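To start, the structure itself, in structure tokens.
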Amino acid sequence: MPFEECSISHKGVLVVGGIIVDLIARSEKFKVVNDNLCFPFDSKITLDQLNQDTGGSAHNLATNLAELGTTTYILGSVGKEDHGEEYLRNLRIHGAITKYVTLKEGLTGMSLVFLYNGEKTVLTSRGANALLGEEDLNCEVFDKIDTMVLTSLISQKNMALMKKAIEEAKKRGVYIITNPSMSMVTHRPEELKHAMHNSQVIIMNGKESMLITGEKDVDSAIKKLKDYGAETVIVTLDVKGALVLDDERTFRVPSYKVKVVDTTGGGDSFTAGFIHAKYHGYSNEEAVKFASAVAALNIVTPGASTDLPSENDVVDFMKTAEFLEA
């Protein structure tokens with residue numbers, strides 16, 4: 001699927017949500033028992049590997065989207081006390097515009113990411129992210145964008161910001177995409193439903209879709225999500241690909257066959273790929289294929305923002321990559 005010069009005029013994308021410092025740990029001592037990640041209690045474990053990366057849903061989505069070539073702004077917050085400004089360097093390196101990121105008293109959010117067989121368990125302290133509020137929304141940004149993506153927003157201040165951002169976006173006809181985290185599903189379900197009611201696109205994973213709808217399978221969950229009024233609903237299913245329901249049909253797109261190293265940021269990179277492809281005028285099916293390729297290239301390296309693919313990297317990958325069998 002070669003990318004051609006887009007005939008549709010677009011402005012930029014605003015990504016709203018979390019910026020987190022990730023400490024990524026691996027150890028042969030980690031075990032999974034009854035779906036719980038375990039390691040010896042009351043002991044000192046030498047890690048096989050410990051890496052630091054900048055992450056968070058908004059950060060991951062923004063860096064991927066900017067690296068692909070879409071003009072991308074990010075609205076978030078980092079802490080003053082741990083030199084939060086330095087954590088914005090990664091966003092700028094990849095081309096994301098950080099003008100609307102604010103510095104807050106305290107520490108930048110931090111996650112401890114424990115990896116086992118490529119899958120992750122994450123412990124998060126949201127830090128400065130919890131302080132992001134409606135006073136941090138500079139409405140001039142809406143003159144520069146035509147799409148807004150709402151990611152992980154959890155605190156009461158975050159909710160006030162989200163409500164105002166939705167109001168301002170709707171006034172200006174800005175396209176709204178809701179791409180929440182599990183934390184938002186569990187802690188802010190009613191506010192999340194408000195966001196989905198006002199969105200043109202909803203993207204979430206299978207577990208999130210079933211939890212927010214109360215359904216026991218993703219086929220039922222995606223239909224219930226479509227009832228919120230979105231034009232397109234996408235439920236990602238890890239190795240089983242993605243289930244899509246739009247105004248025309250329901251269809252599945254398989255995942256690509258790759259060796260998984262770290263799934264951190266895979267969902268965020270998928271959303272970035274989908275937006276970038278839609279900006280080039282591609283159909284939902286082709287855009288989801290492209291999104292799956294971006295995610296596949298993300299999870300073959302450690303961390304959420306390591307070796308992010310360019311548009312050409314993704315196109316080249318798709319020429320030879322194989323889909324996993326259903």
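Note on naming: chains are A, B, ... as they come in the structure tokens, residues start from 1 per chain, ligands start from 1 in the order shown.
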### Message
Residues of region 52-300 of chain A classed as alpha helix (DSSP H) by DSSP on the backbone are to be reported as a ChimeraX atom specification.
### Response
/A:57-68,84-87,89-93,156-171,182-187,189-197,206-213,218-226,266-279,284-298
### Task
From a DSSP calculation on the backbone, collect every residue of region 76-247 of chain A in strand (DSSP E or B) and output the set as a ChimeraX atom specification.
/A:76-79,97,101-104,109-116,119-125,147-150,175-178,201-205,232-236,242-246
Export N, CA and C atoms of the chosen residues as a compact mmCIF listing (two decimals), in the first residue's frame?
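Once everything was written out, this is out.txt:
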```txt
# COMPACT_ATOMS: atom_id res chain seq x y z
N GLY A 76 -0.25 17.77 27.68
CA GLY A 76 0.03 16.95 28.84
C GLY A 76 0.78 17.74 29.88
N SER A 77 1.31 17.07 30.90
CA SER A 77 2.07 17.77 31.92
C SER A 77 3.17 16.88 32.48
N VAL A 78 4.27 17.53 32.86
CA VAL A 78 5.42 16.85 33.48
C VAL A 78 5.80 17.62 34.74
N GLY A 79 6.63 17.03 35.58
CA GLY A 79 6.98 17.63 36.85
C GLY A 79 8.19 18.54 36.80
N ILE A 97 5.14 18.42 18.65
CA ILE A 97 5.21 19.81 19.11
C ILE A 97 4.74 19.87 20.56
N VAL A 101 2.49 21.48 26.46
CA VAL A 101 2.81 20.69 27.66
C VAL A 101 3.18 21.64 28.78
N THR A 102 2.61 21.44 29.97
CA THR A 102 2.86 22.33 31.10
C THR A 102 3.73 21.66 32.15
N LEU A 103 4.49 22.49 32.88
CA LEU A 103 5.31 22.02 34.00
C LEU A 103 4.53 22.19 35.29
N LYS A 104 4.45 21.13 36.08
CA LYS A 104 3.70 21.15 37.33
C LYS A 104 4.63 20.92 38.52
N GLY A 109 5.09 11.67 36.06
CA GLY A 109 4.55 10.33 36.27
C GLY A 109 5.58 9.27 35.96
N MET A 110 5.48 8.14 36.66
CA MET A 110 6.47 7.07 36.47
C MET A 110 5.78 5.71 36.52
N SER A 111 6.25 4.79 35.66
CA SER A 111 5.74 3.42 35.65
C SER A 111 6.88 2.44 35.80
N LEU A 112 6.64 1.39 36.58
CA LEU A 112 7.53 0.25 36.65
C LEU A 112 6.93 -0.82 35.75
N VAL A 113 7.65 -1.18 34.70
CA VAL A 113 7.14 -2.13 33.71
C VAL A 113 7.91 -3.44 33.86
N PHE A 114 7.22 -4.49 34.26
CA PHE A 114 7.84 -5.81 34.42
C PHE A 114 7.50 -6.66 33.20
N LEU A 115 8.52 -7.11 32.47
CA LEU A 115 8.31 -7.87 31.25
C LEU A 115 8.50 -9.37 31.49
N TYR A 116 7.58 -10.14 30.92
CA TYR A 116 7.68 -11.60 30.97
C TYR A 116 7.16 -12.15 29.66
N GLU A 119 5.10 -9.89 27.32
CA GLU A 119 3.93 -9.24 27.89
C GLU A 119 4.34 -8.44 29.12
N LYS A 120 3.48 -7.54 29.57
CA LYS A 120 3.89 -6.61 30.61
C LYS A 120 2.89 -6.52 31.75
N THR A 121 3.43 -6.24 32.95
CA THR A 121 2.63 -5.83 34.10
C THR A 121 3.17 -4.46 34.50
N VAL A 122 2.28 -3.49 34.69
CA VAL A 122 2.72 -2.11 34.89
C VAL A 122 2.19 -1.56 36.22
N LEU A 123 3.08 -0.98 37.01
CA LEU A 123 2.72 -0.25 38.22
C LEU A 123 2.97 1.23 37.94
N THR A 124 1.96 2.07 38.12
CA THR A 124 2.08 3.47 37.70
C THR A 124 1.76 4.44 38.83
N SER A 125 2.61 5.47 38.94
CA SER A 125 2.31 6.65 39.74
C SER A 125 2.12 7.80 38.76
N THR A 147 -8.16 17.18 14.19
CA THR A 147 -8.41 15.92 14.89
C THR A 147 -7.87 16.02 16.31
N MET A 148 -8.63 15.50 17.27
CA MET A 148 -8.19 15.43 18.67
C MET A 148 -8.33 13.99 19.16
N VAL A 149 -7.29 13.51 19.83
CA VAL A 149 -7.30 12.16 20.37
C VAL A 149 -7.28 12.23 21.89
N LEU A 150 -8.26 11.61 22.54
CA LEU A 150 -8.33 11.55 23.99
C LEU A 150 -7.80 10.20 24.44
N TYR A 175 -12.62 16.59 14.58
CA TYR A 175 -12.86 15.15 14.63
C TYR A 175 -12.30 14.60 15.95
N ILE A 176 -13.09 13.84 16.70
CA ILE A 176 -12.67 13.35 18.01
C ILE A 176 -12.50 11.84 17.99
N ILE A 177 -11.36 11.39 18.47
CA ILE A 177 -11.06 9.96 18.60
C ILE A 177 -10.83 9.65 20.07
N THR A 178 -11.54 8.67 20.61
CA THR A 178 -11.32 8.24 21.99
C THR A 178 -10.56 6.93 21.99
N VAL A 201 -14.60 8.23 16.29
CA VAL A 201 -13.89 6.94 16.29
C VAL A 201 -13.63 6.53 17.73
N ILE A 202 -13.84 5.25 18.02
CA ILE A 202 -13.50 4.66 19.32
C ILE A 202 -12.53 3.51 19.06
N ILE A 203 -11.39 3.52 19.76
CA ILE A 203 -10.41 2.44 19.64
C ILE A 203 -10.05 1.96 21.04
N MET A 204 -10.23 0.67 21.30
CA MET A 204 -9.82 0.10 22.58
C MET A 204 -9.55 -1.39 22.40
N ASN A 205 -8.96 -2.02 23.43
CA ASN A 205 -8.67 -3.44 23.30
C ASN A 205 -9.85 -4.29 23.77
N THR A 232 -16.88 4.84 13.45
CA THR A 232 -16.03 3.65 13.38
C THR A 232 -15.64 3.22 14.78
N VAL A 233 -15.74 1.92 15.06
CA VAL A 233 -15.28 1.34 16.32
C VAL A 233 -14.28 0.24 16.00
N ILE A 234 -13.13 0.28 16.66
CA ILE A 234 -12.09 -0.71 16.45
C ILE A 234 -11.75 -1.34 17.80
N VAL A 235 -11.80 -2.66 17.87
CA VAL A 235 -11.39 -3.39 19.07
C VAL A 235 -10.16 -4.22 18.70
N THR A 236 -9.03 -3.91 19.32
CA THR A 236 -7.80 -4.65 19.05
C THR A 236 -7.75 -5.91 19.90
N ALA A 242 -7.59 -7.30 14.74
CA ALA A 242 -8.51 -6.23 15.14
C ALA A 242 -9.89 -6.49 14.54
N LEU A 243 -10.91 -6.18 15.32
CA LEU A 243 -12.29 -6.26 14.88
C LEU A 243 -12.79 -4.84 14.63
N VAL A 244 -13.40 -4.62 13.48
CA VAL A 244 -13.81 -3.27 13.08
C VAL A 244 -15.30 -3.26 12.73
N LEU A 245 -15.99 -2.25 13.23
CA LEU A 245 -17.40 -2.04 12.89
C LEU A 245 -17.57 -0.58 12.48
N ASP A 246 -17.94 -0.37 11.23
CA ASP A 246 -18.20 1.00 10.78
C ASP A 246 -19.64 1.08 10.26
```
### Query
Using only C-alpha atoms, which residues sit within 7 Å of Phe39 (chain A) once same-chain residues fewer than 5 positions away are excluded, as JSON, numbers by chain?
{"A": [29, 30, 31]}
Output the selection as a short mmCIF file (atom, residue, chain, number, x, y, z; two decimals), in the first residue's frame - N, CA and C atoms for each residue.
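Okay, selection-v6.cif is ready:
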```cif
data_model
loop_
_atom_site.label_atom_id
_atom_site.label_comp_id
_atom_site.auth_asym_id
_atom_site.auth_seq_id
_atom_site.Cartn_x
_atom_site.Cartn_y
_atom_site.Cartn_z
N LYS A 29 13.92 -14.50 37.06
CA LYS A 29 13.26 -14.86 38.31
C LYS A 29 11.74 -14.61 38.25
N PHE A 30 11.30 -13.81 37.29
CA PHE A 30 9.87 -13.56 37.17
C PHE A 30 9.14 -14.84 36.73
N LYS A 31 8.02 -15.11 37.33
CA LYS A 31 7.19 -16.26 36.98
C LYS A 31 5.73 -15.82 36.93
#
```
### Message
I'd like to know which of A:Glu85, A:Asp42, A:Glu286, A:Glu168 is closest to Asp146 (chain A), using only C-alpha atoms.
### Response
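Once distances to Asp146 (chain A) are computed over only C-alpha atoms, the minimum belongs to A:Glu168.
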